[in-house]
$ cat entry.cif   # mmCIF, C-alpha atoms
data_my_file
#
loop_
_atom_site.group_PDB
_atom_site.id
_atom_site.type_symbol
_atom_site.label_atom_id
_atom_site.label_comp_id
_atom_site.auth_asym_id
_atom_site.auth_seq_id
_atom_site.Cartn_x
_atom_site.Cartn_y
_atom_site.Cartn_z
ATOM 1 C CA MET I 1 -9.069 18.789 -16.054
ATOM 2 C CA TYR I 2 -9.600 15.137 -15.424
ATOM 3 C CA THR I 3 -13.337 15.365 -14.657
ATOM 4 C CA GLU I 4 -14.180 14.006 -18.108
ATOM 5 C CA TYR I 5 -12.343 10.796 -17.212
ATOM 6 C CA ILE I 6 -14.504 9.993 -14.183
ATOM 7 C CA GLY I 7 -16.072 6.561 -14.597
ATOM 8 C CA LEU I 8 -13.630 5.359 -17.265
ATOM 9 C CA THR I 9 -12.665 1.730 -16.736
ATOM 10 C CA SER I 10 -9.947 -0.512 -18.124
ATOM 11 C CA GLN I 11 -10.328 -4.011 -19.541
ATOM 12 C CA LYS I 12 -9.847 -6.885 -17.105
ATOM 13 C CA VAL I 13 -6.384 -8.423 -17.034
ATOM 14 C CA LYS I 14 -5.558 -11.879 -15.730
ATOM 15 C CA ASN I 15 -2.808 -11.974 -13.091
ATOM 16 C CA ILE I 16 -1.336 -14.860 -11.142
ATOM 17 C CA VAL I 17 -0.188 -14.495 -7.563
ATOM 18 C CA GLU I 18 3.290 -15.839 -8.199
ATOM 19 C CA ARG I 19 5.141 -17.623 -5.431
ATOM 20 C CA GLU I 20 8.563 -16.194 -6.195
ATOM 21 C CA LEU I 21 7.240 -12.661 -6.532
ATOM 22 C CA VAL I 22 5.392 -12.935 -3.227
ATOM 23 C CA ARG I 23 8.581 -14.139 -1.570
ATOM 24 C CA ARG I 24 10.562 -11.206 -2.941
ATOM 25 C CA PHE I 25 7.853 -8.714 -2.152
ATOM 26 C CA ALA I 26 7.534 -9.944 1.437
ATOM 27 C CA GLU I 27 11.293 -9.786 1.851
ATOM 28 C CA SER I 28 11.433 -6.252 0.452
ATOM 29 C CA ILE I 29 9.069 -4.983 3.144
ATOM 30 C CA GLY I 30 10.957 -6.875 5.852
ATOM 31 C CA ASP I 31 8.164 -9.386 6.345
ATOM 32 C CA SER I 32 9.528 -12.802 5.344
ATOM 33 C CA HIS I 33 6.931 -14.601 7.457
ATOM 34 C CA PRO I 34 6.475 -18.354 6.757
ATOM 35 C CA ILE I 35 2.765 -17.788 5.965
ATOM 36 C CA TYR I 36 3.968 -15.934 2.846
ATOM 37 C CA ILE I 37 6.918 -18.087 1.837
ATOM 38 C CA ASP I 38 6.968 -21.554 3.399
ATOM 39 C CA GLU I 39 4.856 -24.122 1.552
ATOM 40 C CA GLU I 40 4.354 -26.389 4.573
ATOM 41 C CA THR I 41 3.185 -23.493 6.732
ATOM 42 C CA GLY I 42 0.748 -22.548 3.980
ATOM 43 C CA LYS I 43 -0.593 -26.109 3.681
ATOM 44 C CA HIS I 44 -1.254 -26.349 7.398
ATOM 45 C CA SER I 45 -2.810 -22.901 7.702
ATOM 46 C CA ARG I 46 -6.545 -22.240 7.642
ATOM 47 C CA PHE I 47 -6.175 -21.223 3.967
ATOM 48 C CA GLY I 48 -4.476 -24.451 2.886
ATOM 49 C CA ALA I 49 -2.062 -22.256 0.940
ATOM 50 C CA ASN I 50 0.366 -19.391 1.354
ATOM 51 C CA ILE I 51 -1.068 -15.894 1.273
ATOM 52 C CA ALA I 52 0.257 -12.550 -0.030
ATOM 53 C CA PRO I 53 0.884 -9.396 2.043
ATOM 54 C CA PRO I 54 -1.971 -6.841 2.024
ATOM 55 C CA THR I 55 -0.073 -4.262 -0.050
ATOM 56 C CA TYR I 56 0.946 -6.861 -2.671
ATOM 57 C CA PRO I 57 -1.683 -5.809 -5.294
ATOM 58 C CA ARG I 58 0.666 -2.987 -6.358
ATOM 59 C CA VAL I 59 2.386 -5.537 -8.567
ATOM 60 C CA PHE I 60 -0.767 -6.533 -10.478
ATOM 61 C CA ARG I 61 -1.363 -5.294 -13.957
ATOM 62 C CA THR I 62 -4.814 -3.767 -14.130
ATOM 63 C CA GLY I 63 -5.032 -2.687 -17.750
ATOM 64 C CA THR I 64 -4.776 0.796 -19.210
ATOM 65 C CA ILE I 65 -7.508 3.371 -19.248
ATOM 66 C CA GLU I 66 -7.849 4.578 -22.795
ATOM 67 C CA GLY I 67 -7.025 8.242 -23.256
ATOM 68 C CA LEU I 68 -5.853 8.886 -19.702
ATOM 69 C CA LYS I 69 -2.602 10.811 -19.710
ATOM 70 C CA LEU I 70 -0.765 11.175 -16.438
ATOM 71 C CA PRO I 71 2.541 12.946 -15.982
ATOM 72 C CA LEU I 72 5.359 10.578 -15.066
ATOM 73 C CA LYS I 73 6.934 13.039 -12.695
ATOM 74 C CA GLY I 74 5.695 15.410 -10.036
ATOM 75 C CA LEU I 75 2.777 13.340 -8.803
ATOM 76 C CA ILE I 76 2.287 13.074 -5.066
ATOM 77 C CA HIS I 77 0.838 9.939 -3.556
ATOM 78 C CA GLY I 78 -1.623 11.279 -1.008
ATOM 79 C CA GLU I 79 -3.601 8.337 0.243
ATOM 80 C CA GLN I 80 -3.942 4.593 -0.221
ATOM 81 C CA ILE I 81 -6.882 2.426 0.820
ATOM 82 C CA TYR I 82 -7.234 -1.356 0.648
ATOM 83 C CA HIS I 83 -10.352 -3.360 1.186
ATOM 84 C CA TYR I 84 -10.271 -7.153 1.373
ATOM 85 C CA GLU I 85 -13.002 -9.775 1.339
ATOM 86 C CA ARG I 86 -10.315 -12.370 2.162
ATOM 87 C CA PRO I 87 -6.519 -12.648 1.843
ATOM 88 C CA LEU I 88 -4.961 -13.294 -1.573
ATOM 89 C CA LEU I 89 -3.723 -16.858 -2.041
ATOM 90 C CA VAL I 90 -0.410 -17.725 -3.633
ATOM 91 C CA GLY I 91 -0.995 -19.450 -6.967
ATOM 92 C CA GLU I 92 -4.482 -18.137 -7.613
ATOM 93 C CA GLU I 93 -5.651 -16.233 -10.674
ATOM 94 C CA VAL I 94 -6.857 -12.700 -10.073
ATOM 95 C CA TYR I 95 -8.694 -10.647 -12.677
ATOM 96 C CA CYS I 96 -7.920 -6.968 -12.263
ATOM 97 C CA TYR I 97 -9.187 -3.729 -13.731
ATOM 98 C CA SER I 98 -8.966 -0.084 -12.801
ATOM 99 C CA LYS I 99 -11.439 2.752 -12.778
ATOM 100 C CA ILE I 100 -11.240 6.523 -12.386
ATOM 101 C CA GLU I 101 -13.519 7.061 -9.408
ATOM 102 C CA ASP I 102 -13.303 10.811 -8.985
ATOM 103 C CA TYR I 103 -11.393 13.983 -9.705
ATOM 104 C CA TYR I 104 -11.712 17.214 -7.754
ATOM 105 C CA GLU I 105 -9.678 20.321 -7.067
ATOM 106 C CA LYS I 106 -8.854 22.240 -3.952
ATOM 107 C CA GLU I 107 -7.164 25.562 -3.408
ATOM 108 C CA GLY I 108 -3.842 25.026 -1.629
ATOM 109 C CA SER I 109 -0.925 27.204 -0.563
ATOM 110 C CA THR I 110 0.863 26.588 -3.874
ATOM 111 C CA GLY I 111 -2.164 27.070 -6.095
ATOM 112 C CA LYS I 112 -4.948 24.788 -7.205
ATOM 113 C CA MET I 113 -4.289 21.125 -6.497
ATOM 114 C CA GLY I 114 -5.995 18.291 -8.345
ATOM 115 C CA PHE I 115 -6.958 15.055 -6.584
ATOM 116 C CA LEU I 116 -7.332 11.978 -8.756
ATOM 117 C CA LYS I 117 -9.025 9.005 -7.155
ATOM 118 C CA MET I 118 -8.246 5.756 -8.934
ATOM 119 C CA LYS I 119 -9.573 2.393 -7.844
ATOM 120 C CA ARG I 120 -8.307 -1.030 -8.801
ATOM 121 C CA TYR I 121 -10.425 -4.144 -8.436
ATOM 122 C CA GLY I 122 -9.331 -7.761 -8.095
ATOM 123 C CA GLU I 123 -11.787 -10.597 -8.698
ATOM 124 C CA ASP I 124 -11.583 -14.376 -8.720
ATOM 125 C CA ALA I 125 -12.299 -16.465 -11.833
ATOM 126 C CA ASP I 126 -16.038 -16.438 -11.007
ATOM 127 C CA GLY I 127 -16.185 -12.674 -10.791
ATOM 128 C CA HIS I 128 -16.307 -12.479 -6.990
ATOM 129 C CA LEU I 129 -14.506 -9.511 -5.521
ATOM 130 C CA ILE I 130 -11.328 -10.300 -3.557
ATOM 131 C CA PHE I 131 -9.988 -6.793 -2.967
ATOM 132 C CA THR I 132 -10.082 -3.171 -4.003
ATOM 133 C CA GLU I 133 -7.146 -0.781 -3.936
ATOM 134 C CA GLU I 134 -7.777 2.938 -4.026
ATOM 135 C CA SER I 135 -5.087 5.572 -4.577
ATOM 136 C CA ILE I 136 -5.478 9.291 -4.271
ATOM 137 C CA THR I 137 -2.878 11.110 -6.330
ATOM 138 C CA ILE I 138 -2.262 14.812 -5.930
ATOM 139 C CA ILE I 139 -1.420 16.802 -9.037
ATOM 140 C CA THR I 140 0.062 20.196 -8.218
ATOM 141 C CA GLU I 141 -0.639 23.387 -10.158
ATOM 142 C CA THR I 142 2.866 23.386 -11.681
ATOM 143 C CA VAL I 143 2.429 19.880 -13.037
ATOM 144 C CA ARG I 144 -1.070 20.635 -14.333
ATOM 145 C CA ARG I 145 0.206 23.694 -16.188
ATOM 146 C CA SER I 146 2.952 21.721 -17.854
ATOM 147 C CA LEU I 147 0.293 19.311 -19.119
ATOM 148 C CA ASN I 148 -2.190 21.966 -20.180
ATOM 149 C CA VAL I 149 -5.034 20.303 -18.346
ATOM 150 C CA MET F 150 2.270 -15.022 21.707
ATOM 151 C CA THR F 151 -0.404 -12.411 22.331
ATOM 152 C CA VAL F 152 -3.804 -13.095 20.934
ATOM 153 C CA LEU F 153 -5.187 -10.010 19.239
ATOM 154 C CA LYS F 154 -8.729 -10.469 20.429
ATOM 155 C CA GLN F 155 -7.533 -10.354 24.029
ATOM 156 C CA LEU F 156 -6.088 -6.866 23.593
ATOM 157 C CA SER F 157 -8.027 -4.143 25.305
ATOM 158 C CA LYS F 158 -8.696 -0.656 24.065
ATOM 159 C CA GLY F 159 -5.548 1.476 24.120
ATOM 160 C CA ALA F 160 -3.178 -1.514 23.929
ATOM 161 C CA SER F 161 -0.624 -1.326 21.166
ATOM 162 C CA LEU F 162 1.677 -3.314 18.909
ATOM 163 C CA GLU F 163 4.975 -1.655 18.194
ATOM 164 C CA THR F 164 8.301 -2.307 16.543
ATOM 165 C CA THR F 165 11.292 -0.208 15.472
ATOM 166 C CA LEU F 166 13.006 -0.883 12.146
ATOM 167 C CA LYS F 167 16.670 -0.752 11.206
ATOM 168 C CA ALA F 168 17.724 2.562 9.642
ATOM 169 C CA VAL F 169 16.408 2.943 6.081
ATOM 170 C CA SER F 170 19.062 1.973 3.527
ATOM 171 C CA ARG F 171 19.357 2.492 -0.194
ATOM 172 C CA MET F 172 19.307 -1.280 -0.647
ATOM 173 C CA ASP F 173 15.881 -1.440 1.058
ATOM 174 C CA LEU F 174 14.530 0.917 -1.593
ATOM 175 C CA ILE F 175 16.329 -0.785 -4.486
ATOM 176 C CA LYS F 176 14.780 -4.096 -3.412
ATOM 177 C CA TYR F 177 11.321 -2.563 -3.098
ATOM 178 C CA SER F 178 11.641 -0.929 -6.536
ATOM 179 C CA GLY F 179 12.367 -4.354 -7.969
ATOM 180 C CA SER F 180 9.688 -6.280 -6.125
ATOM 181 C CA SER F 181 6.924 -3.700 -6.634
ATOM 182 C CA GLY F 182 7.885 -2.597 -10.143
ATOM 183 C CA ASP F 183 7.887 1.056 -9.037
ATOM 184 C CA PHE F 184 11.138 2.286 -10.561
ATOM 185 C CA ASN F 185 10.557 6.009 -10.067
ATOM 186 C CA PRO F 186 14.207 7.108 -9.723
ATOM 187 C CA ILE F 187 13.512 9.602 -6.902
ATOM 188 C CA HIS F 188 13.557 6.513 -4.656
ATOM 189 C CA THR F 189 16.969 5.235 -5.679
ATOM 190 C CA ILE F 190 19.109 7.768 -7.572
ATOM 191 C CA ASP F 191 20.416 10.890 -5.810
ATOM 192 C CA GLU F 192 20.631 13.107 -8.909
ATOM 193 C CA GLU F 193 17.043 12.349 -9.878
ATOM 194 C CA ALA F 194 15.801 13.142 -6.392
ATOM 195 C CA LYS F 195 17.676 16.455 -6.490
ATOM 196 C CA LYS F 196 16.256 17.266 -9.917
ATOM 197 C CA ALA F 197 12.813 16.751 -8.408
ATOM 198 C CA GLY F 198 13.626 19.322 -5.744
ATOM 199 C CA LEU F 199 14.226 16.850 -2.924
ATOM 200 C CA PRO F 200 17.209 16.974 -0.566
ATOM 201 C CA GLY F 201 17.897 13.296 -1.274
ATOM 202 C CA ILE F 202 16.175 10.060 -2.217
ATOM 203 C CA ILE F 203 12.951 9.270 -0.380
ATOM 204 C CA ALA F 204 11.348 5.941 0.423
ATOM 205 C CA HIS F 205 8.318 4.796 -1.552
ATOM 206 C CA GLY F 206 5.236 5.609 0.513
ATOM 207 C CA MET F 207 4.086 2.085 -0.282
ATOM 208 C CA TRP F 208 7.283 0.631 1.186
ATOM 209 C CA THR F 209 6.470 2.262 4.507
ATOM 210 C CA MET F 210 2.824 1.206 4.276
ATOM 211 C CA GLY F 211 3.919 -2.346 3.455
ATOM 212 C CA ASN F 212 6.219 -2.438 6.469
ATOM 213 C CA LEU F 213 3.523 -1.175 8.817
ATOM 214 C CA ALA F 214 1.168 -4.052 7.973
ATOM 215 C CA LYS F 215 3.679 -6.606 9.240
ATOM 216 C CA LEU F 216 2.632 -5.842 12.805
ATOM 217 C CA PHE F 217 -0.400 -7.997 11.974
ATOM 218 C CA THR F 218 1.228 -10.851 10.042
ATOM 219 C CA PRO F 219 1.766 -13.099 13.117
ATOM 220 C CA TYR F 220 -2.016 -13.136 13.697
ATOM 221 C CA HIS F 221 -2.937 -14.676 10.329
ATOM 222 C CA GLU F 222 -4.764 -17.584 11.950
ATOM 223 C CA GLU F 223 -6.923 -15.250 14.006
ATOM 224 C CA GLY F 224 -8.161 -12.915 11.323
ATOM 225 C CA PHE F 225 -7.140 -10.706 8.413
ATOM 226 C CA ILE F 226 -6.775 -7.068 7.454
ATOM 227 C CA LYS F 227 -10.131 -6.177 5.955
ATOM 228 C CA ASP F 228 -9.593 -2.445 5.537
ATOM 229 C CA TYR F 229 -6.313 -0.586 5.496
ATOM 230 C CA GLN F 230 -6.358 3.145 4.945
ATOM 231 C CA ILE F 231 -3.249 5.323 4.958
ATOM 232 C CA ARG F 232 -2.524 8.987 4.444
ATOM 233 C CA PHE F 233 1.070 9.820 3.526
ATOM 234 C CA SER F 234 1.965 12.660 5.847
ATOM 235 C CA GLY F 235 5.737 12.997 5.628
ATOM 236 C CA MET F 236 8.766 11.938 3.636
ATOM 237 C CA VAL F 237 11.147 9.159 4.665
ATOM 238 C CA PHE F 238 14.844 9.728 3.955
ATOM 239 C CA LEU F 239 17.913 7.487 4.053
ATOM 240 C CA ASP F 240 19.060 6.596 7.584
ATOM 241 C CA ASP F 241 15.701 7.490 9.118
ATOM 242 C CA VAL F 242 14.756 5.165 11.954
ATOM 243 C CA LEU F 243 11.075 4.301 11.780
ATOM 244 C CA THR F 244 8.792 2.984 14.484
ATOM 245 C CA LEU F 245 5.608 1.148 13.504
ATOM 246 C CA ILE F 246 2.672 1.558 15.877
ATOM 247 C CA ALA F 247 -0.843 0.126 15.949
ATOM 248 C CA GLU F 248 -3.122 1.080 18.814
ATOM 249 C CA LEU F 249 -6.432 -0.629 19.419
ATOM 250 C CA ASP F 250 -9.142 2.008 19.248
ATOM 251 C CA GLU F 251 -12.379 0.069 19.055
ATOM 252 C CA LYS F 252 -13.690 -3.459 19.405
ATOM 253 C CA ASN F 253 -16.988 -4.517 17.838
ATOM 254 C CA ASP F 254 -17.842 -8.208 17.898
ATOM 255 C CA ASN F 255 -15.484 -9.612 15.305
ATOM 256 C CA LEU F 256 -13.883 -6.357 14.191
ATOM 257 C CA LEU F 257 -10.817 -4.772 15.807
ATOM 258 C CA ILE F 258 -10.135 -1.204 14.733
ATOM 259 C CA PHE F 259 -6.598 0.092 15.136
ATOM 260 C CA ASN F 260 -5.161 3.558 14.670
ATOM 261 C CA VAL F 261 -1.882 2.962 12.910
ATOM 262 C CA LYS F 262 1.090 5.182 12.209
ATOM 263 C CA VAL F 263 4.782 5.230 11.477
ATOM 264 C CA LEU F 264 6.974 7.736 13.314
ATOM 265 C CA ASN F 265 10.479 8.784 12.368
ATOM 266 C CA GLN F 266 13.319 9.394 14.838
ATOM 267 C CA LYS F 267 12.000 12.942 15.402
ATOM 268 C CA ASP F 268 8.615 11.539 16.452
ATOM 269 C CA LYS F 269 6.996 12.981 13.363
ATOM 270 C CA ASP F 270 4.415 10.773 11.657
ATOM 271 C CA VAL F 271 5.204 9.835 8.071
ATOM 272 C CA VAL F 272 2.139 7.693 7.461
ATOM 273 C CA LYS F 273 -1.061 7.567 9.431
ATOM 274 C CA GLY F 274 -4.358 5.739 9.149
ATOM 275 C CA LYS F 275 -6.551 2.851 10.227
ATOM 276 C CA ILE F 276 -6.597 -0.913 10.056
ATOM 277 C CA LYS F 277 -9.780 -2.888 10.495
ATOM 278 C CA PHE F 278 -8.854 -6.438 11.440
ATOM 279 C CA GLU F 279 -11.638 -8.964 11.086
ATOM 280 C CA LEU F 280 -11.559 -12.029 13.316
ATOM 281 C CA TYR F 281 -12.576 -15.379 11.817
#
$ encode --input "entry.cif" --output "structure tokens"
Amino acid sequence: MYTEYIGLTSQKVKNIVERELVRRFAESIGDSHPIYIDEETGKHSRFGANIAPPTYPRVFRTGTIEGLKLPLKGLIHGEQIYHYERPLLVGEEVYCYSKIEDYYEKEGSTGKMGFLKMKRYGEDADGHLIFTEESITIITETVRRSLNV
Amino acid sequence: MTVLKQLSKGASLETTLKAVSRMDLIKYSGSSGDFNPIHTIDEEAKKAGLPGIIAHGMWTMGNLAKLFTPYHEEGFIKDYQIRFSGMVFLDDVLTLIAELDEKNDNLLIFNVKVLNQKDKDVVKGKIKFELY
């Protein structure tokens, strides 16, 4: 079971919202809007800078949670939830960490399914929250058995 | 261009994408760093019990948010919640839909979803758009 991991938190890791990565990311989701990629558009926007798409935080490193072992295969991504205090700005430093928020099990048609709720936090250099990113991962009975958890 | 805050309840934003290609998923693997091979390599998808490669759920979720990108001077996506409800395969034709459900002062709440060519939802959720 993963219940013993609830509350575990990683160390903070510094990330930079990199211009070239934002451009590629925006392009890869078919959203090459000038607010993400054109410097002039960014300068003249209300932000005074380019911004990053809302699902961009996937690329951030958020540190590892000591002792947490997850299978590499067979996980199902069930749900994804973003919360923003403001958009991410291209060029800024973001300090990220992750935390195991919850783990619970439910009886499903293929046996007992585990639900792991992991939350990632992004803060500015002064420790003010910019965003959170929550993922709910489903771990099926077959995968749990193979892990002996 | 439409102004979001002038939309009334029930109004929607909608766009249909080009058919999903392997290159779309290769590019997203690279840009996101999610190299799980079930999204790009046929044999690996088959080994995982899938009929073929499937799109990253996050690729679809990323696409859906672009309905709101043109309104960046009006507000921003404050909350974005998605449940992954179906798989997306190669050549699927996806339609992105956001329907205004509620308006409170400076918050616009949309029900959002992506449908495939069979009208089955593959992702579904809510976007709360906060006006400046």
$ closest_atom_pairs --input "entry.cif" --of "chain I" --to "chain F" --cutoff "10 Å" --atoms "all atoms listed in the file" --output "CSV"
residue,atom,partner,partner_atom,distance
I:Glu20,CA,F:Ser180,CA,10.0
I:Leu21,CA,F:Ser180,CA,6.8
I:Val22,CA,F:Ser180,CA,8.4
I:Arg23,CA,F:Ser180,CA,9.2
I:Arg24,CA,F:Ser180,CA,5.9
I:Phe25,CA,F:Ser180,CA,5.0
I:Ala26,CA,F:Gly211,CA,8.7
I:Glu27,CA,F:Lys176,CA,8.5
I:Ser28,CA,F:Tyr177,CA,5.1
I:Ile29,CA,F:Asn212,CA,5.1
I:Gly30,CA,F:Asn212,CA,6.5
I:Asp31,CA,F:Lys215,CA,6.0
I:Ser32,CA,F:Lys215,CA,9.4
I:His33,CA,F:Thr218,CA,7.3
I:Pro34,CA,F:Pro219,CA,9.5
I:Ile35,CA,F:His221,CA,7.8
I:Tyr36,CA,F:Thr218,CA,9.2
I:Ser45,CA,F:Glu222,CA,7.1
I:Arg46,CA,F:Glu222,CA,6.6
I:Phe47,CA,F:Glu222,CA,8.9
I:Ile51,CA,F:His221,CA,9.3
I:Pro53,CA,F:Gly211,CA,7.8
I:Pro54,CA,F:Ile226,CA,7.3
I:Thr55,CA,F:Gly211,CA,5.6
I:Tyr56,CA,F:Ser181,CA,7.8
I:Pro57,CA,F:Ser181,CA,9.0
I:Arg58,CA,F:Ser181,CA,6.3
I:Val59,CA,F:Ser181,CA,5.3
I:Phe60,CA,F:Ser181,CA,9.1
I:Leu72,CA,F:Asn185,CA,8.5
I:Lys73,CA,F:Ala197,CA,8.2
I:Gly74,CA,F:Ala197,CA,7.4
I:Ile76,CA,F:Phe233,CA,9.3
I:His77,CA,F:Phe233,CA,7.1
I:Gly78,CA,F:Phe233,CA,5.5
I:Glu79,CA,F:Arg232,CA,4.4
I:Gln80,CA,F:Ile231,CA,5.3
I:Ile81,CA,F:Gln230,CA,4.2
I:Tyr82,CA,F:Tyr229,CA,5.0
I:His83,CA,F:Asp228,CA,4.5
I:Tyr84,CA,F:Lys227,CA,4.7
I:Glu85,CA,F:Lys227,CA,6.5
I:Arg86,CA,F:Phe225,CA,7.2
I:Pro87,CA,F:Phe225,CA,6.9
I:Phe131,CA,F:Lys227,CA,8.9
I:Thr132,CA,F:Asp228,CA,9.6
I:Glu133,CA,F:Tyr229,CA,9.5
I:Glu134,CA,F:Gln230,CA,9.1
I:Ser135,CA,F:Ile231,CA,9.7
I:Ile136,CA,F:Arg232,CA,9.2
$ residues_near_point --input "entry.cif" --point "(-7.1, 2.1, 14.3)" --cutoff "6 Å" --atoms "all atoms listed in the file" --output "PDB file with C-alpha atoms, in the coordinates of the input"
ATOM      1  CA  LEU F 249      -6.432  -0.629  19.419  1.00  0.00           C
ATOM      2  CA  ASP F 250      -9.142   2.008  19.248  1.00  0.00           C
ATOM      3  CA  ILE F 258     -10.135  -1.204  14.733  1.00  0.00           C
ATOM      4  CA  PHE F 259      -6.598   0.092  15.136  1.00  0.00           C
ATOM      5  CA  ASN F 260      -5.161   3.558  14.670  1.00  0.00           C
ATOM      6  CA  VAL F 261      -1.882   2.962  12.910  1.00  0.00           C
ATOM      7  CA  LYS F 275      -6.551   2.851  10.227  1.00  0.00           C
ATOM      8  CA  ILE F 276      -6.597  -0.913  10.056  1.00  0.00           C
TER       9      ILE F 276
END
$ closest_residue --input "entry.cif" --among "F:Phe278, F:Lys196, F:Arg171, F:Leu156" --to "F:Asn255" --atoms "all atoms listed in the file"
F:Phe278
$ resolve_selection --input "entry.cif" --expression "the PyMOL selection byres ((chain I and resi 13) around 8)" --output "list in words"
Gln11, Lys12, Lys14, Asn15, Arg61, Thr62, Gly63, Tyr95, Cys96 and Tyr97 of chain I
$ atom_distance --input "entry.cif" --atom1 "atom CA of I:Ala52" --atom2 "atom CA of I:Leu8"
28.5 Å
$ atom_distance --input "entry.cif" --atom1 "atom CA of F:Val242" --atom2 "atom CA of F:Ser170"
10.0 Å
$ closest_residue --input "entry.cif" --among "I:Met113, I:Leu75, I:Leu70, I:Ile6" --to "I:Lys99" --atoms "all atoms listed in the file"
I:Ile6
$ atom_distance --input "entry.cif" --atom1 "atom CA of F:Lys195" --atom2 "atom CA of I:Leu116"
25.5 Å
$ axis_aligned_box --input "entry.cif" --around "stretch 33-41 of chain I" --padding-each-side "4 Å" --output "JSON"
{"center_x": 4.9, "center_y": -20.5, "center_z": 4.5, "size_x": 12.2, "size_y": 19.8, "size_z": 13.9}
$ resolve_selection --input "entry.cif" --expression "the PyMOL selection byres ((chain I and resi 100-104) around 10)" --output "VMD selection string"
chain I and resid 1 to 10 65 68 98 to 99 105 to 106 113 to 120 134 to 138
$ write_last_selection --input "entry.cif" --atoms "C-alpha atoms" --output "mmCIF file, in the frame of the given file"
data_model
loop_
_atom_site.group_PDB
_atom_site.id
_atom_site.type_symbol
_atom_site.label_atom_id
_atom_site.label_comp_id
_atom_site.auth_asym_id
_atom_site.auth_seq_id
_atom_site.Cartn_x
_atom_site.Cartn_y
_atom_site.Cartn_z
ATOM 1 C CA MET I 1 -9.069 18.789 -16.054
ATOM 2 C CA TYR I 2 -9.600 15.137 -15.424
ATOM 3 C CA THR I 3 -13.337 15.365 -14.657
ATOM 4 C CA GLU I 4 -14.180 14.006 -18.108
ATOM 5 C CA TYR I 5 -12.343 10.796 -17.212
ATOM 6 C CA ILE I 6 -14.504 9.993 -14.183
ATOM 7 C CA GLY I 7 -16.072 6.561 -14.597
ATOM 8 C CA LEU I 8 -13.630 5.359 -17.265
ATOM 9 C CA THR I 9 -12.665 1.730 -16.736
ATOM 10 C CA SER I 10 -9.947 -0.512 -18.124
ATOM 11 C CA ILE I 65 -7.508 3.371 -19.248
ATOM 12 C CA LEU I 68 -5.853 8.886 -19.702
ATOM 13 C CA SER I 98 -8.966 -0.084 -12.801
ATOM 14 C CA LYS I 99 -11.439 2.752 -12.778
ATOM 15 C CA GLU I 105 -9.678 20.321 -7.067
ATOM 16 C CA LYS I 106 -8.854 22.240 -3.952
ATOM 17 C CA MET I 113 -4.289 21.125 -6.497
ATOM 18 C CA GLY I 114 -5.995 18.291 -8.345
ATOM 19 C CA PHE I 115 -6.958 15.055 -6.584
ATOM 20 C CA LEU I 116 -7.332 11.978 -8.756
ATOM 21 C CA LYS I 117 -9.025 9.005 -7.155
ATOM 22 C CA MET I 118 -8.246 5.756 -8.934
ATOM 23 C CA LYS I 119 -9.573 2.393 -7.844
ATOM 24 C CA ARG I 120 -8.307 -1.030 -8.801
ATOM 25 C CA GLU I 134 -7.777 2.938 -4.026
ATOM 26 C CA SER I 135 -5.087 5.572 -4.577
ATOM 27 C CA ILE I 136 -5.478 9.291 -4.271
ATOM 28 C CA THR I 137 -2.878 11.110 -6.330
ATOM 29 C CA ILE I 138 -2.262 14.812 -5.930
#
$ resolve_selection --input "entry.cif" --expression "the PyMOL selection byres ((chain F and resi 265) around 9)" --output "PDB file with C-alpha atoms, in the frame of the given file"
ATOM      1  CA  VAL F 237      11.147   9.159   4.665  1.00  0.00           C
ATOM      2  CA  ASP F 241      15.701   7.490   9.118  1.00  0.00           C
ATOM      3  CA  VAL F 242      14.756   5.165  11.954  1.00  0.00           C
ATOM      4  CA  LEU F 243      11.075   4.301  11.780  1.00  0.00           C
ATOM      5  CA  THR F 244       8.792   2.984  14.484  1.00  0.00           C
ATOM      6  CA  VAL F 263       4.782   5.230  11.477  1.00  0.00           C
ATOM      7  CA  LEU F 264       6.974   7.736  13.314  1.00  0.00           C
ATOM      8  CA  GLN F 266      13.319   9.394  14.838  1.00  0.00           C
ATOM      9  CA  LYS F 267      12.000  12.942  15.402  1.00  0.00           C
ATOM     10  CA  ASP F 268       8.615  11.539  16.452  1.00  0.00           C
ATOM     11  CA  LYS F 269       6.996  12.981  13.363  1.00  0.00           C
ATOM     12  CA  ASP F 270       4.415  10.773  11.657  1.00  0.00           C
ATOM     13  CA  VAL F 271       5.204   9.835   8.071  1.00  0.00           C
TER      14      VAL F 271
END
$ decode --input "entry.cif" --residues "stretch 267-273 of chain F" --atoms "N, CA and C atoms" --output "JSON list (two decimals), in the first residue's frame"
[["chain", "number", "residue", "atom", "x", "y", "z"],
["F", 267, "LYS", "N", -16.58, 9.78, -33.02],
["F", 267, "LYS", "CA", -17.79, 9.00, -32.71],
["F", 267, "LYS", "C", -18.63, 9.72, -31.66],
["F", 268, "ASP", "N", -18.26, 10.98, -31.38],
["F", 268, "ASP", "CA", -18.99, 11.77, -30.38],
["F", 268, "ASP", "C", -18.84, 11.24, -28.96],
["F", 269, "LYS", "N", -17.79, 10.49, -28.75],
["F", 269, "LYS", "CA", -17.51, 9.97, -27.40],
["F", 269, "LYS", "C", -16.50, 10.92, -26.75],
["F", 270, "ASP", "N", -16.76, 11.29, -25.47],
["F", 270, "ASP", "CA", -15.79, 12.18, -24.83],
["F", 270, "ASP", "C", -14.54, 11.40, -24.43],
["F", 271, "VAL", "N", -13.40, 12.05, -24.63],
["F", 271, "VAL", "CA", -12.12, 11.43, -24.25],
["F", 271, "VAL", "C", -11.49, 12.16, -23.06],
["F", 272, "VAL", "N", -11.79, 13.43, -22.91],
["F", 272, "VAL", "CA", -11.49, 14.14, -21.67],
["F", 272, "VAL", "C", -12.68, 15.03, -21.36],
["F", 273, "LYS", "N", -12.81, 15.35, -20.08],
["F", 273, "LYS", "CA", -14.00, 16.06, -19.64],
["F", 273, "LYS", "C", -13.67, 16.79, -18.34]]
